[in-house]
Every structure is written in structure tokens, then in C-alpha cells.
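Next up, input-v1.pdb (PDB, C-alpha atoms):
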ATOM      1  CA  MET A  35      58.112  89.359  14.341  1.00  0.00           C
ATOM      2  CA  ALA A  36      58.302  86.756  17.073  1.00  0.00           C
ATOM      3  CA  ASN A  37      59.000  83.092  17.330  1.00  0.00           C
ATOM      4  CA  THR A  38      56.173  80.806  18.369  1.00  0.00           C
ATOM      5  CA  GLN A  39      56.476  77.324  19.747  1.00  0.00           C
ATOM      6  CA  SER A  40      54.452  74.836  17.775  1.00  0.00           C
ATOM      7  CA  MET A  41      54.501  71.553  15.967  1.00  0.00           C
ATOM      8  CA  CYS A  42      54.863  72.409  12.281  1.00  0.00           C
ATOM      9  CA  THR A  43      51.625  71.888  10.427  1.00  0.00           C
ATOM     10  CA  SER A  44      53.434  70.495   7.395  1.00  0.00           C
ATOM     11  CA  PHE A  45      54.745  67.755   9.675  1.00  0.00           C
ATOM     12  CA  LEU A  46      51.194  66.669  10.455  1.00  0.00           C
ATOM     13  CA  GLY A  47      50.485  66.014   6.810  1.00  0.00           C
ATOM     14  CA  GLU A  48      53.888  64.429   6.277  1.00  0.00           C
ATOM     15  CA  LEU A  49      53.239  61.953   9.079  1.00  0.00           C
ATOM     16  CA  MET A  50      50.526  60.492   6.885  1.00  0.00           C
ATOM     17  CA  THR A  51      52.879  60.044   3.949  1.00  0.00           C
ATOM     18  CA  ALA A  52      55.742  58.449   5.920  1.00  0.00           C
ATOM     19  CA  THR A  53      58.050  61.352   5.098  1.00  0.00           C
ATOM     20  CA  HIS A  54      59.598  61.160   8.577  1.00  0.00           C
ATOM     21  CA  ASN A  55      60.920  58.068  10.302  1.00  0.00           C
ATOM     22  CA  PHE A  56      62.168  58.427  13.886  1.00  0.00           C
ATOM     23  CA  GLY A  57      62.581  54.690  14.197  1.00  0.00           C
ATOM     24  CA  THR A  58      64.185  51.936  12.178  1.00  0.00           C
ATOM     25  CA  ALA A  59      61.266  50.313  10.365  1.00  0.00           C
ATOM     26  CA  PRO A  60      59.605  49.741   8.036  1.00  0.00           C
ATOM     27  CA  THR A  61      61.876  50.046   5.044  1.00  0.00           C
ATOM     28  CA  ARG A  62      59.798  51.393   2.222  1.00  0.00           C
ATOM     29  CA  GLY A  63      60.747  49.944  -1.140  1.00  0.00           C
ATOM     30  CA  THR A  64      58.509  52.214  -3.164  1.00  0.00           C
ATOM     31  CA  SER A  65      57.144  55.718  -3.173  1.00  0.00           C
ATOM     32  CA  ALA A  66      53.715  54.425  -4.181  1.00  0.00           C
ATOM     33  CA  ALA A  67      50.823  54.849  -1.802  1.00  0.00           C
ATOM     34  CA  ASP A  68      49.977  51.892   0.401  1.00  0.00           C
ATOM     35  CA  THR A  69      46.724  49.995   0.019  1.00  0.00           C
ATOM     36  CA  PHE A  70      44.263  50.632   2.819  1.00  0.00           C
ATOM     37  CA  LYS A  71      41.222  48.494   3.537  1.00  0.00           C
ATOM     38  CA  ALA A  72      38.071  48.748   5.614  1.00  0.00           C
ATOM     39  CA  ALA A  73      36.760  45.755   7.555  1.00  0.00           C
ATOM     40  CA  LEU A  74      33.404  45.630   9.325  1.00  0.00           C
ATOM     41  CA  TYR A  75      32.912  44.263  12.828  1.00  0.00           C
ATOM     42  CA  LEU A  76      29.976  42.882  14.742  1.00  0.00           C
ATOM     43  CA  ALA A  77      28.553  44.953  17.560  1.00  0.00           C
ATOM     44  CA  SER A  78      29.753  42.201  19.892  1.00  0.00           C
ATOM     45  CA  ALA A  79      33.406  42.564  18.831  1.00  0.00           C
ATOM     46  CA  THR A  80      36.135  44.417  20.713  1.00  0.00           C
ATOM     47  CA  ILE A  81      37.898  46.742  18.322  1.00  0.00           C
ATOM     48  CA  ASN A  82      39.381  49.873  19.840  1.00  0.00           C
ATOM     49  CA  ALA A  83      42.503  51.993  20.303  1.00  0.00           C
ATOM     50  CA  SER A  84      44.354  48.896  21.513  1.00  0.00           C
ATOM     51  CA  THR A  85      43.841  47.170  18.175  1.00  0.00           C
ATOM     52  CA  THR A  86      47.222  47.003  16.442  1.00  0.00           C
ATOM     53  CA  ALA A  87      46.318  45.165  13.244  1.00  0.00           C
ATOM     54  CA  TYR A  88      43.434  43.725  11.296  1.00  0.00           C
ATOM     55  CA  THR A  89      41.887  40.661  12.893  1.00  0.00           C
ATOM     56  CA  SER A  90      39.200  38.322  11.642  1.00  0.00           C
ATOM     57  CA  THR A  91      37.931  37.889  15.208  1.00  0.00           C
ATOM     58  CA  GLY A  92      34.537  39.520  15.472  1.00  0.00           C
ATOM     59  CA  GLU A  93      34.453  40.438  11.795  1.00  0.00           C
ATOM     60  CA  VAL A  94      31.169  40.206   9.933  1.00  0.00           C
ATOM     61  CA  ALA A  95      30.680  37.187   7.698  1.00  0.00           C
ATOM     62  CA  SER A  96      28.517  36.860   4.624  1.00  0.00           C
ATOM     63  CA  ALA A  97      28.391  35.583   1.115  1.00  0.00           C
ATOM     64  CA  ASN A  98      29.965  38.205  -1.163  1.00  0.00           C
ATOM     65  CA  TYR A  99      32.053  39.587   1.721  1.00  0.00           C
ATOM     66  CA  SER A 100      35.683  38.541   1.830  1.00  0.00           C
ATOM     67  CA  ALA A 101      37.479  38.481   5.183  1.00  0.00           C
ATOM     68  CA  GLY A 102      39.477  41.685   5.426  1.00  0.00           C
ATOM     69  CA  GLY A 103      36.802  43.852   3.878  1.00  0.00           C
ATOM     70  CA  VAL A 104      37.245  46.051   0.854  1.00  0.00           C
ATOM     71  CA  ALA A 105      39.963  48.326  -0.486  1.00  0.00           C
ATOM     72  CA  ILE A 106      39.616  52.047   0.136  1.00  0.00           C
ATOM     73  CA  THR A 107      39.847  54.450  -2.779  1.00  0.00           C
ATOM     74  CA  SER A 108      42.444  57.077  -1.998  1.00  0.00           C
ATOM     75  CA  ALA A 109      42.879  59.407  -4.931  1.00  0.00           C
ATOM     76  CA  ASN A 110      43.649  62.437  -2.788  1.00  0.00           C
ATOM     77  CA  PRO A 111      46.856  62.768  -0.741  1.00  0.00           C
ATOM     78  CA  PRO A 112      46.781  64.035   2.850  1.00  0.00           C
ATOM     79  CA  THR A 113      46.569  67.792   3.315  1.00  0.00           C
ATOM     80  CA  SER A 114      47.790  70.111   6.053  1.00  0.00           C
ATOM     81  CA  THR A 115      46.446  73.557   6.825  1.00  0.00           C
ATOM     82  CA  ASN A 116      47.537  76.196   9.324  1.00  0.00           C
ATOM     83  CA  THR A 117      44.743  77.549  11.459  1.00  0.00           C
ATOM     84  CA  SER A 118      46.956  79.983  13.423  1.00  0.00           C
ATOM     85  CA  ALA A 119      50.605  80.621  14.239  1.00  0.00           C
ATOM     86  CA  THR A 120      50.494  77.806  16.769  1.00  0.00           C
ATOM     87  CA  ALA A 121      47.915  75.426  15.391  1.00  0.00           C
ATOM     88  CA  GLY A 122      47.169  73.388  12.336  1.00  0.00           C
ATOM     89  CA  THR A 123      45.549  70.219  11.061  1.00  0.00           C
ATOM     90  CA  GLY A 124      46.768  67.371   8.899  1.00  0.00           C
ATOM     91  CA  TYR A 125      43.875  65.452   7.410  1.00  0.00           C
ATOM     92  CA  TRP A 126      42.824  62.810   4.910  1.00  0.00           C
ATOM     93  CA  THR A 127      39.579  61.288   3.695  1.00  0.00           C
ATOM     94  CA  PRO A 128      38.989  58.480   1.203  1.00  0.00           C
ATOM     95  CA  SER A 129      37.959  59.856  -2.162  1.00  0.00           C
ATOM     96  CA  ALA A 130      35.006  57.510  -2.650  1.00  0.00           C
ATOM     97  CA  SER A 131      32.343  55.783  -0.602  1.00  0.00           C
ATOM     98  CA  ILE A 132      33.114  52.370   0.874  1.00  0.00           C
ATOM     99  CA  VAL A 133      30.586  49.881  -0.453  1.00  0.00           C
ATOM    100  CA  TYR A 134      29.858  46.328   0.645  1.00  0.00           C
ATOM    101  CA  GLY A 135      27.796  44.125  -1.642  1.00  0.00           C
ATOM    102  CA  SER A 136      26.056  45.023  -4.865  1.00  0.00           C
ATOM    103  CA  VAL A 137      22.688  44.457  -6.478  1.00  0.00           C
ATOM    104  CA  GLY A 138      23.872  41.229  -8.060  1.00  0.00           C
ATOM    105  CA  SER A 139      26.045  40.189  -5.120  1.00  0.00           C
ATOM    106  CA  PRO A 140      24.178  41.161  -1.959  1.00  0.00           C
ATOM    107  CA  VAL A 141      25.460  40.739   1.583  1.00  0.00           C
ATOM    108  CA  THR A 142      23.783  39.807   4.836  1.00  0.00           C
ATOM    109  CA  PHE A 143      25.306  41.130   8.055  1.00  0.00           C
ATOM    110  CA  ALA A 144      24.233  40.525  11.637  1.00  0.00           C
ATOM    111  CA  SER A 145      24.306  43.598  13.873  1.00  0.00           C
ATOM    112  CA  PHE A 146      27.509  45.535  13.223  1.00  0.00           C
ATOM    113  CA  ASP A 147      28.663  48.930  14.393  1.00  0.00           C
ATOM    114  CA  CYS A 148      32.305  49.409  13.536  1.00  0.00           C
ATOM    115  CA  VAL A 149      34.708  49.745  10.629  1.00  0.00           C
ATOM    116  CA  LEU A 150      38.460  49.279  11.021  1.00  0.00           C
ATOM    117  CA  VAL A 151      40.704  51.096   8.577  1.00  0.00           C
ATOM    118  CA  TYR A 152      44.030  49.322   8.195  1.00  0.00           C
ATOM    119  CA  ASN A 153      47.096  49.226   5.984  1.00  0.00           C
ATOM    120  CA  SER A 154      47.124  45.995   4.014  1.00  0.00           C
ATOM    121  CA  THR A 155      50.496  46.868   2.474  1.00  0.00           C
ATOM    122  CA  GLN A 156      52.177  47.194   5.870  1.00  0.00           C
ATOM    123  CA  SER A 157      51.267  43.884   7.495  1.00  0.00           C
ATOM    124  CA  ASP A 158      47.637  44.881   8.030  1.00  0.00           C
ATOM    125  CA  LYS A 159      48.599  47.422  10.677  1.00  0.00           C
ATOM    126  CA  ALA A 160      45.625  49.284  12.164  1.00  0.00           C
ATOM    127  CA  VAL A 161      44.978  52.949  11.393  1.00  0.00           C
ATOM    128  CA  SER A 162      41.649  53.946  12.914  1.00  0.00           C
ATOM    129  CA  VAL A 163      38.399  52.639  14.346  1.00  0.00           C
ATOM    130  CA  HIS A 164      35.108  54.279  13.462  1.00  0.00           C
ATOM    131  CA  THR A 165      31.915  53.350  15.256  1.00  0.00           C
ATOM    132  CA  PHE A 166      28.345  54.158  14.307  1.00  0.00           C
ATOM    133  CA  THR A 167      24.781  53.253  15.185  1.00  0.00           C
ATOM    134  CA  ALA A 168      24.440  49.463  14.918  1.00  0.00           C
ATOM    135  CA  GLN A 169      22.887  48.214  11.685  1.00  0.00           C
ATOM    136  CA  THR A 170      21.908  44.969   9.992  1.00  0.00           C
ATOM    137  CA  VAL A 171      21.839  44.188   6.295  1.00  0.00           C
ATOM    138  CA  THR A 172      19.690  41.489   4.695  1.00  0.00           C
ATOM    139  CA  SER A 173      20.354  40.486   1.078  1.00  0.00           C
ATOM    140  CA  GLY A 174      21.331  44.070   0.410  1.00  0.00           C
ATOM    141  CA  THR A 175      24.170  46.544   0.367  1.00  0.00           C
ATOM    142  CA  PHE A 176      25.940  48.738   2.893  1.00  0.00           C
ATOM    143  CA  THR A 177      27.330  52.039   1.699  1.00  0.00           C
ATOM    144  CA  LEU A 178      29.544  54.146   3.911  1.00  0.00           C
ATOM    145  CA  THR A 179      29.684  57.648   2.475  1.00  0.00           C
ATOM    146  CA  MET A 180      32.682  59.637   3.608  1.00  0.00           C
ATOM    147  CA  PRO A 181      32.502  62.969   5.426  1.00  0.00           C
ATOM    148  CA  SER A 182      33.704  66.143   3.757  1.00  0.00           C
ATOM    149  CA  ASN A 183      37.482  66.367   3.556  1.00  0.00           C
ATOM    150  CA  THR A 184      37.947  69.434   5.754  1.00  0.00           C
ATOM    151  CA  THR A 185      39.992  70.320   8.821  1.00  0.00           C
ATOM    152  CA  SER A 186      36.973  69.722  11.035  1.00  0.00           C
ATOM    153  CA  THR A 187      35.275  66.740   9.412  1.00  0.00           C
ATOM    154  CA  ALA A 188      37.886  64.622   7.595  1.00  0.00           C
ATOM    155  CA  LEU A 189      38.003  60.933   8.398  1.00  0.00           C
ATOM    156  CA  LEU A 190      41.533  61.172   9.802  1.00  0.00           C
ATOM    157  CA  ARG A 191      42.736  64.344  11.502  1.00  0.00           C
ATOM    158  CA  LEU A 192      45.897  65.205  13.389  1.00  0.00           C
ATOM    159  CA  VAL A 193      45.322  68.483  15.169  1.00  0.00           C
ATOM    160  CA  THR A 194      47.493  70.895  17.104  1.00  0.00           C
ATOM    161  CA  THR A 195      45.845  73.550  19.213  1.00  0.00           C
TER     162      THR A 195
ATOM    163  CA  MET B  51      11.471  46.794 -10.566  1.00  0.00           C
ATOM    164  CA  LEU B  52      13.181  43.681  -9.328  1.00  0.00           C
ATOM    165  CA  VAL B  53      14.566  43.549  -5.799  1.00  0.00           C
ATOM    166  CA  MET B  54      17.204  41.116  -4.583  1.00  0.00           C
ATOM    167  CA  THR B  55      15.821  39.286  -1.557  1.00  0.00           C
ATOM    168  CA  THR B  56      16.530  36.276   0.601  1.00  0.00           C
ATOM    169  CA  LYS B  57      14.318  34.396  -1.831  1.00  0.00           C
ATOM    170  CA  GLY B  58      16.051  35.640  -4.958  1.00  0.00           C
ATOM    171  CA  GLU B  59      14.929  38.454  -7.203  1.00  0.00           C
ATOM    172  CA  MET B  60      11.338  39.480  -6.612  1.00  0.00           C
ATOM    173  CA  ASP B  61       9.029  42.025  -8.176  1.00  0.00           C
ATOM    174  CA  GLU B  62       8.844  45.090  -5.923  1.00  0.00           C
ATOM    175  CA  ALA B  63       5.073  45.145  -6.392  1.00  0.00           C
ATOM    176  CA  LEU B  64       4.804  41.922  -4.407  1.00  0.00           C
ATOM    177  CA  LEU B  65       6.591  43.370  -1.404  1.00  0.00           C
ATOM    178  CA  GLU B  66       5.909  45.950   1.291  1.00  0.00           C
ATOM    179  CA  LYS B  67       8.535  48.685   1.255  1.00  0.00           C
ATOM    180  CA  LYS B  68       9.608  50.509   4.401  1.00  0.00           C
ATOM    181  CA  THR B  69      12.155  53.304   4.612  1.00  0.00           C
ATOM    182  CA  GLY B  70      13.630  55.269   7.453  1.00  0.00           C
ATOM    183  CA  THR B  71      16.240  57.805   8.457  1.00  0.00           C
ATOM    184  CA  ILE B  72      18.337  58.100  11.575  1.00  0.00           C
ATOM    185  CA  ASP B  73      20.133  61.387  12.027  1.00  0.00           C
ATOM    186  CA  ASN B  74      22.557  62.221  14.809  1.00  0.00           C
ATOM    187  CA  ASP B  75      25.723  64.234  15.321  1.00  0.00           C
ATOM    188  CA  ASN B  76      27.890  61.456  13.907  1.00  0.00           C
ATOM    189  CA  GLU B  77      26.015  60.160  10.889  1.00  0.00           C
ATOM    190  CA  THR B  78      22.887  60.149   8.769  1.00  0.00           C
ATOM    191  CA  ILE B  79      21.509  56.687   8.075  1.00  0.00           C
ATOM    192  CA  ASN B  80      18.991  55.928   5.359  1.00  0.00           C
ATOM    193  CA  TRP B  81      17.647  52.407   5.272  1.00  0.00           C
ATOM    194  CA  VAL B  82      15.224  50.581   3.031  1.00  0.00           C
ATOM    195  CA  GLU B  83      13.485  47.326   3.861  1.00  0.00           C
ATOM    196  CA  TYR B  84      11.280  45.008   1.833  1.00  0.00           C
ATOM    197  CA  TRP B  85       8.890  42.692   3.639  1.00  0.00           C
ATOM    198  CA  LEU B  86       7.070  39.655   2.326  1.00  0.00           C
ATOM    199  CA  GLU B  87       4.116  39.401   4.676  1.00  0.00           C
ATOM    200  CA  ASP B  88       5.840  39.260   8.098  1.00  0.00           C
ATOM    201  CA  GLU B  89       9.269  38.290   6.823  1.00  0.00           C
ATOM    202  CA  LEU B  90      12.128  40.731   6.220  1.00  0.00           C
ATOM    203  CA  VAL B  91      13.603  39.726   2.869  1.00  0.00           C
ATOM    204  CA  HIS B  92      15.803  42.729   2.083  1.00  0.00           C
ATOM    205  CA  ARG B  93      17.500  45.497   4.039  1.00  0.00           C
ATOM    206  CA  SER B  94      20.067  47.932   2.669  1.00  0.00           C
ATOM    207  CA  VAL B  95      21.742  50.807   4.487  1.00  0.00           C
ATOM    208  CA  ASP B  96      23.340  54.015   3.218  1.00  0.00           C
ATOM    209  CA  MET B  97      25.296  55.755   5.952  1.00  0.00           C
ATOM    210  CA  VAL B  98      26.744  59.231   5.534  1.00  0.00           C
ATOM    211  CA  LEU B  99      29.453  60.042   8.038  1.00  0.00           C
ATOM    212  CA  LYS B 100      29.367  63.678   9.120  1.00  0.00           C
ATOM    213  CA  LYS B 101      32.586  63.793  11.042  1.00  0.00           C
ATOM    214  CA  TYR B 102      35.025  61.594  12.807  1.00  0.00           C
ATOM    215  CA  THR B 103      34.558  62.322  16.474  1.00  0.00           C
ATOM    216  CA  VAL B 104      38.031  61.294  17.576  1.00  0.00           C
ATOM    217  CA  SER B 105      41.253  62.827  16.348  1.00  0.00           C
ATOM    218  CA  GLY B 106      44.874  62.740  17.380  1.00  0.00           C
ATOM    219  CA  LEU B 107      46.270  65.704  19.298  1.00  0.00           C
ATOM    220  CA  PRO B 108      50.031  65.913  18.768  1.00  0.00           C
ATOM    221  CA  VAL B 109      51.729  68.380  21.080  1.00  0.00           C
ATOM    222  CA  ALA B 110      55.194  69.933  20.916  1.00  0.00           C
ATOM    223  CA  ALA B 111      56.900  69.879  24.305  1.00  0.00           C
ATOM    224  CA  SER B 112      57.277  73.122  26.233  1.00  0.00           C
ATOM    225  CA  PHE B 113      60.610  74.093  27.745  1.00  0.00           C
TER     226      PHE B 113
END

What is this structure when it is put down as C-alpha cells?
Amino acid sequence: MANTQSMCTSFLGELMTATHNFGTAPTRGTSAADTFKAALYLASATINASTTAYTSTGEVASANYSAGGVAITSANPPTSTNTSATAGTGYWTPSASIVYGSVGSPVTFASFDCVLVYNSTQSDKAVSVHTFTAQTVTSGTFTLTMPSNTTSTALLRLVTT
Amino acid sequence: MLVMTTKGEMDEALLEKKTGTIDNDNETINWVEYWLEDELVHRSVDMVLKKYTVSGLPVAASF
């Protein structure tokens, strides 16, 4: 046997469940999962790695779309998997598609190309930015179907190599 | 079938339907449009994300 330097793969998954806290905040008053939301942004907006929290600036606007977007369904907890003695992946994907509008309550969006995932329980703090080919919607619906929840395709992945 | 449009619900038979697909490494997009003469009155999009192209890379320090 030999020892191998690595970041523990279990830690990667535990980062996503706030098991570890190297700092002093936030104080979590419950073990329940936080509520995460997905907001859409116009192609003209500036949402990127520097974004620290949800903002209404540059967000799409429409009847039947509330500022802040929609809640994300998260029935599955984060997972972590070893890929070797030195590498692993912690990953998570929403358990259902993210849908804006419905047949009876359609939306109309000008050109948009970005969705911001953020934590509405923790002061709307930003999680991730996902861009895609710009689209418009006219009196219709927008459905964002999630990728497969695997080490190589999950929506959120923390990877050691 | 009735379709929700900018002019309210309309019979699909009165409209021209157009569909399309965009497929790239990041996503597959299926869209459907309904046109009333030269006017777009409905557009819906179904986007399937294939993978998230950016991921964090945590690294343990070497000594």
C-alpha cells in the first residue's frame, strides 16, 4: 500500500451540503435543503463568474414571469464518486426540468442566453451561470431540460484530477 | 388544437407551423413557431442541456 496526496472525494460532495465551514458564516438554523432558483437573463446582460448574487438587472421580463425566476426541483442530494486514487468528482443536477410559462400562462422573452442558479435561502447568493444559444419566446413556454446526472455531464461538478 | 398566441387562443389550422432543431456540443434546442400570415404569434423552446462546460477544479496543495 502507499499513501497518495489528494483532495478527498467525499469532501467534494460535502462542500455542496455545507458539511464543512472554514469560515464563520452563515449560521445554519436547519438541516433542510436550501431553496435554489433559476433566473433568466437577456443576451445583453452581464452575468458571469463575478456575479455574487441574484440581480434583477438584465433579467428577462414578461407577463407570467416573476422577477427572480422559478424554484429548482432538487429531489436528489449531491453525489461524489472516486475516479482514481487521486481523483474524484462531486456533482449535482436538478431532478426536474426548469420550466417558464405554461399553456394557460405563456411568457414572451426578448433574446436571452443565460440562466443564473442562485440560493434564495441564503440571501440570493449566486451558484452558477449557464449560457446557451440565444433564444426568444413569444406567447409560449421555455423548458430547460437538465443534463444527465453523471460525473461528466452533471449541471454542477467539482472535479479533482 | 388550440394554440396560445399573441392574439389569444387560435385554431392551429389557421396558422402556419414551423419547427426547427439546433444541435451543438452544449445543447439540443427544439423550437416551434406559429405564424399568422407574416406575423410570428407563438414561439416555444425546449432546450436539452448535454453538459455543463465549466466546472470547478479544486486542488490539494503539494508539499

Quick one: everything within 7 Å of Val151 (chain A), counting only C-alpha atoms, minus sequence neighbours fewer than 6 positions away in the same chain. Send it as a list in words.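 My reading of the contact set: Phe70, Lys71, Ala72, Ala73, Ala160, Val161, Ser162 and Val163 of chain A.
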
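Closest approach to Thr187 (chain A) among A:Thr123, A:Ser90, A:Cys42, A:Thr117 is made by A:Thr123 (distances from only C-alpha atoms).
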
Nearest to Gly58 (chain B): which of A:Thr172, A:Thr185, A:Thr177, A:Ser145 is it, counting all atoms listed in the file?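 Answer, going by the shortest atom-to-atom distance: A:Thr172.
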
Give me the chain A side of the contact with chain B, cut-off 10 Å, one line per residue showing its nearest atom pair and distance in Å at one decimal, counting only C-alpha atoms, sorted by chain and residue number, as a Markdown table.
| residue | atom | partner | partner_atom | distance |
| --- | --- | --- | --- | --- |
| A:Gln39 | CA | B:Ala110 | CA | 7.6 |
| A:Ser40 | CA | B:Ala110 | CA | 5.9 |
| A:Met41 | CA | B:Ala110 | CA | 5.3 |
| A:Cys42 | CA | B:Ala110 | CA | 9.0 |
| A:Leu46 | CA | B:Pro108 | CA | 8.4 |
| A:Ala121 | CA | B:Val109 | CA | 9.8 |
| A:Thr123 | CA | B:Leu107 | CA | 9.4 |
| A:Gly124 | CA | B:Gly106 | CA | 9.8 |
| A:Tyr125 | CA | B:Ser105 | CA | 9.7 |
| A:Ser131 | CA | B:Val98 | CA | 9.0 |
| A:Ile132 | CA | B:Met97 | CA | 9.9 |
| A:Val133 | CA | B:Asp96 | CA | 9.1 |
| A:Gly135 | CA | B:Ser94 | CA | 9.6 |
| A:Ser136 | CA | B:Met54 | CA | 9.7 |
| A:Val137 | CA | B:Met54 | CA | 6.7 |
| A:Gly138 | CA | B:Met54 | CA | 7.5 |
| A:Ser139 | CA | B:Met54 | CA | 8.9 |
| A:Pro140 | CA | B:Met54 | CA | 7.5 |
| A:Val141 | CA | B:Ser94 | CA | 9.1 |
| A:Thr142 | CA | B:Arg93 | CA | 8.5 |
| A:Phe143 | CA | B:Arg93 | CA | 9.8 |
| A:Ser162 | CA | B:Val104 | CA | 9.4 |
| A:Val163 | CA | B:Val104 | CA | 9.2 |
| A:His164 | CA | B:Tyr102 | CA | 7.3 |
| A:Thr165 | CA | B:Tyr102 | CA | 9.1 |
| A:Phe166 | CA | B:Glu77 | CA | 7.3 |
| A:Thr167 | CA | B:Glu77 | CA | 8.2 |
| A:Gln169 | CA | B:Val95 | CA | 7.7 |
| A:Thr170 | CA | B:Arg93 | CA | 7.4 |
| A:Val171 | CA | B:Arg93 | CA | 5.1 |
| A:Thr172 | CA | B:Arg93 | CA | 4.6 |
| A:Ser173 | CA | B:His92 | CA | 5.2 |
| A:Gly174 | CA | B:Ser94 | CA | 4.6 |
| A:Thr175 | CA | B:Ser94 | CA | 4.9 |
| A:Phe176 | CA | B:Val95 | CA | 4.9 |
| A:Thr177 | CA | B:Asp96 | CA | 4.7 |
| A:Leu178 | CA | B:Met97 | CA | 5.0 |
| A:Thr179 | CA | B:Val98 | CA | 4.5 |
| A:Met180 | CA | B:Leu99 | CA | 5.5 |
| A:Pro181 | CA | B:Lys100 | CA | 4.9 |
| A:Ser182 | CA | B:Lys100 | CA | 7.3 |
| A:Asn183 | CA | B:Lys101 | CA | 9.3 |
| A:Thr184 | CA | B:Lys101 | CA | 9.4 |
| A:Ser186 | CA | B:Lys101 | CA | 7.4 |
| A:Thr187 | CA | B:Lys101 | CA | 4.3 |
| A:Ala188 | CA | B:Lys101 | CA | 6.4 |
| A:Leu189 | CA | B:Tyr102 | CA | 5.4 |
| A:Leu190 | CA | B:Ser105 | CA | 6.8 |
| A:Arg191 | CA | B:Ser105 | CA | 5.3 |
| A:Leu192 | CA | B:Gly106 | CA | 4.8 |
| A:Val193 | CA | B:Leu107 | CA | 5.1 |
| A:Thr194 | CA | B:Leu107 | CA | 5.8 |
| A:Thr195 | CA | B:Leu107 | CA | 7.9 |

Export C-alpha atoms of the chosen residues as a CSV table (one decimal), keeping the file's coordinate frame?
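Output file out_0.csv follows:
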chain,number,residue,atom,x,y,z
A,39,GLN,CA,56.5,77.3,19.7
A,40,SER,CA,54.5,74.8,17.8
A,41,MET,CA,54.5,71.6,16.0
A,42,CYS,CA,54.9,72.4,12.3
A,46,LEU,CA,51.2,66.7,10.5
A,121,ALA,CA,47.9,75.4,15.4
A,123,THR,CA,45.5,70.2,11.1
A,124,GLY,CA,46.8,67.4,8.9
A,125,TYR,CA,43.9,65.5,7.4
A,131,SER,CA,32.3,55.8,-0.6
A,132,ILE,CA,33.1,52.4,0.9
A,133,VAL,CA,30.6,49.9,-0.5
A,135,GLY,CA,27.8,44.1,-1.6
A,136,SER,CA,26.1,45.0,-4.9
A,137,VAL,CA,22.7,44.5,-6.5
A,138,GLY,CA,23.9,41.2,-8.1
A,139,SER,CA,26.0,40.2,-5.1
A,140,PRO,CA,24.2,41.2,-2.0
A,141,VAL,CA,25.5,40.7,1.6
A,142,THR,CA,23.8,39.8,4.8
A,143,PHE,CA,25.3,41.1,8.1
A,162,SER,CA,41.6,53.9,12.9
A,163,VAL,CA,38.4,52.6,14.3
A,164,HIS,CA,35.1,54.3,13.5
A,165,THR,CA,31.9,53.4,15.3
A,166,PHE,CA,28.3,54.2,14.3
A,167,THR,CA,24.8,53.3,15.2
A,169,GLN,CA,22.9,48.2,11.7
A,170,THR,CA,21.9,45.0,10.0
A,171,VAL,CA,21.8,44.2,6.3
A,172,THR,CA,19.7,41.5,4.7
A,173,SER,CA,20.4,40.5,1.1
A,174,GLY,CA,21.3,44.1,0.4
A,175,THR,CA,24.2,46.5,0.4
A,176,PHE,CA,25.9,48.7,2.9
A,177,THR,CA,27.3,52.0,1.7
A,178,LEU,CA,29.5,54.1,3.9
A,179,THR,CA,29.7,57.6,2.5
A,180,MET,CA,32.7,59.6,3.6
A,181,PRO,CA,32.5,63.0,5.4
A,182,SER,CA,33.7,66.1,3.8
A,183,ASN,CA,37.5,66.4,3.6
A,184,THR,CA,37.9,69.4,5.8
A,186,SER,CA,37.0,69.7,11.0
A,187,THR,CA,35.3,66.7,9.4
A,188,ALA,CA,37.9,64.6,7.6
A,189,LEU,CA,38.0,60.9,8.4
A,190,LEU,CA,41.5,61.2,9.8
A,191,ARG,CA,42.7,64.3,11.5
A,192,LEU,CA,45.9,65.2,13.4
A,193,VAL,CA,45.3,68.5,15.2
A,194,THR,CA,47.5,70.9,17.1
A,195,THR,CA,45.8,73.6,19.2

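What separates CA of Thr80 (chain A) from CA of Gly103 (chain A) is a distance of 16.9 Å.
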
CA of Lys159 (chain A) and CA of Thr85 (chain A), how far apart in Å?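 Going from CA of Thr85 (chain A) over to CA of Lys159 (chain A), I get 8.9 Å.
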
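For the choices A:Tyr152, A:Ala36, A:Phe146, A:Ala52, the atom-to-atom distance to Gly92 (chain A) is smallest for A:Phe146 when using all atoms listed in the file.
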
Hey, can you check how far CA of Met51 (chain B) sits from CA of Thr69 (chain B)? 16.5 Å

Would you compute, for all listed atoms of region 95-111 of chain A, the axis-aligned bounding box grown by 4 Å on each side, and then report its centre and edge lengths in Å rounded to one decimal, as JSON?
{"center_x": 37.6, "center_y": 49.2, "center_z": 1.4, "size_x": 26.5, "size_y": 35.2, "size_z": 20.6}

Of the listed residues A:Asn98, A:Ser114, A:Thr64, A:Thr89, that which approaches Glu48 (chain A) most closely, counting all atoms listed in the file: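 Using all atoms listed in the file, Glu48 (chain A) sits closest to A:Ser114.
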
Could you write out as a list in words the residues that the PyMOL selection byres ((chain A and resi 66) around 12) matches in the shown file?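 Checking the PyMOL selection byres ((chain A and resi 66) around 12) against this file, the residues are Thr51, Ala52, Arg62, Gly63, Thr64, Ser65, Ala67, Asp68, Thr69, Ser108, Ala109, Pro111 and Thr155 of chain A.
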
Completed region 130-138 of chain A (N, CA and C atoms) as a CSV table (one decimal), in the coordinates of the input:
chain,number,residue,atom,x,y,z
A,130,ALA,N,36.3,58.1,-2.2
A,130,ALA,CA,35.0,57.5,-2.6
A,130,ALA,C,34.3,56.8,-1.5
A,131,SER,N,33.1,56.5,-1.6
A,131,SER,CA,32.3,55.8,-0.6
A,131,SER,C,32.9,54.4,-0.5
A,132,ILE,N,32.7,53.8,0.7
A,132,ILE,CA,33.1,52.4,0.9
A,132,ILE,C,31.8,51.6,0.8
A,133,VAL,N,31.8,50.6,-0.2
A,133,VAL,CA,30.6,49.9,-0.5
A,133,VAL,C,30.8,48.4,-0.3
A,134,TYR,N,29.8,47.8,0.4
A,134,TYR,CA,29.9,46.3,0.6
A,134,TYR,C,28.6,45.7,0.0
A,135,GLY,N,28.9,44.8,-0.9
A,135,GLY,CA,27.8,44.1,-1.6
A,135,GLY,C,27.4,44.9,-2.8
A,136,SER,N,26.6,44.3,-3.7
A,136,SER,CA,26.1,45.0,-4.9
A,136,SER,C,24.7,44.4,-5.2
A,137,VAL,N,24.0,45.0,-6.1
A,137,VAL,CA,22.7,44.5,-6.5
A,137,VAL,C,22.8,43.0,-6.9
A,138,GLY,N,23.8,42.6,-7.6
A,138,GLY,CA,23.9,41.2,-8.1
A,138,GLY,C,24.6,40.3,-7.1
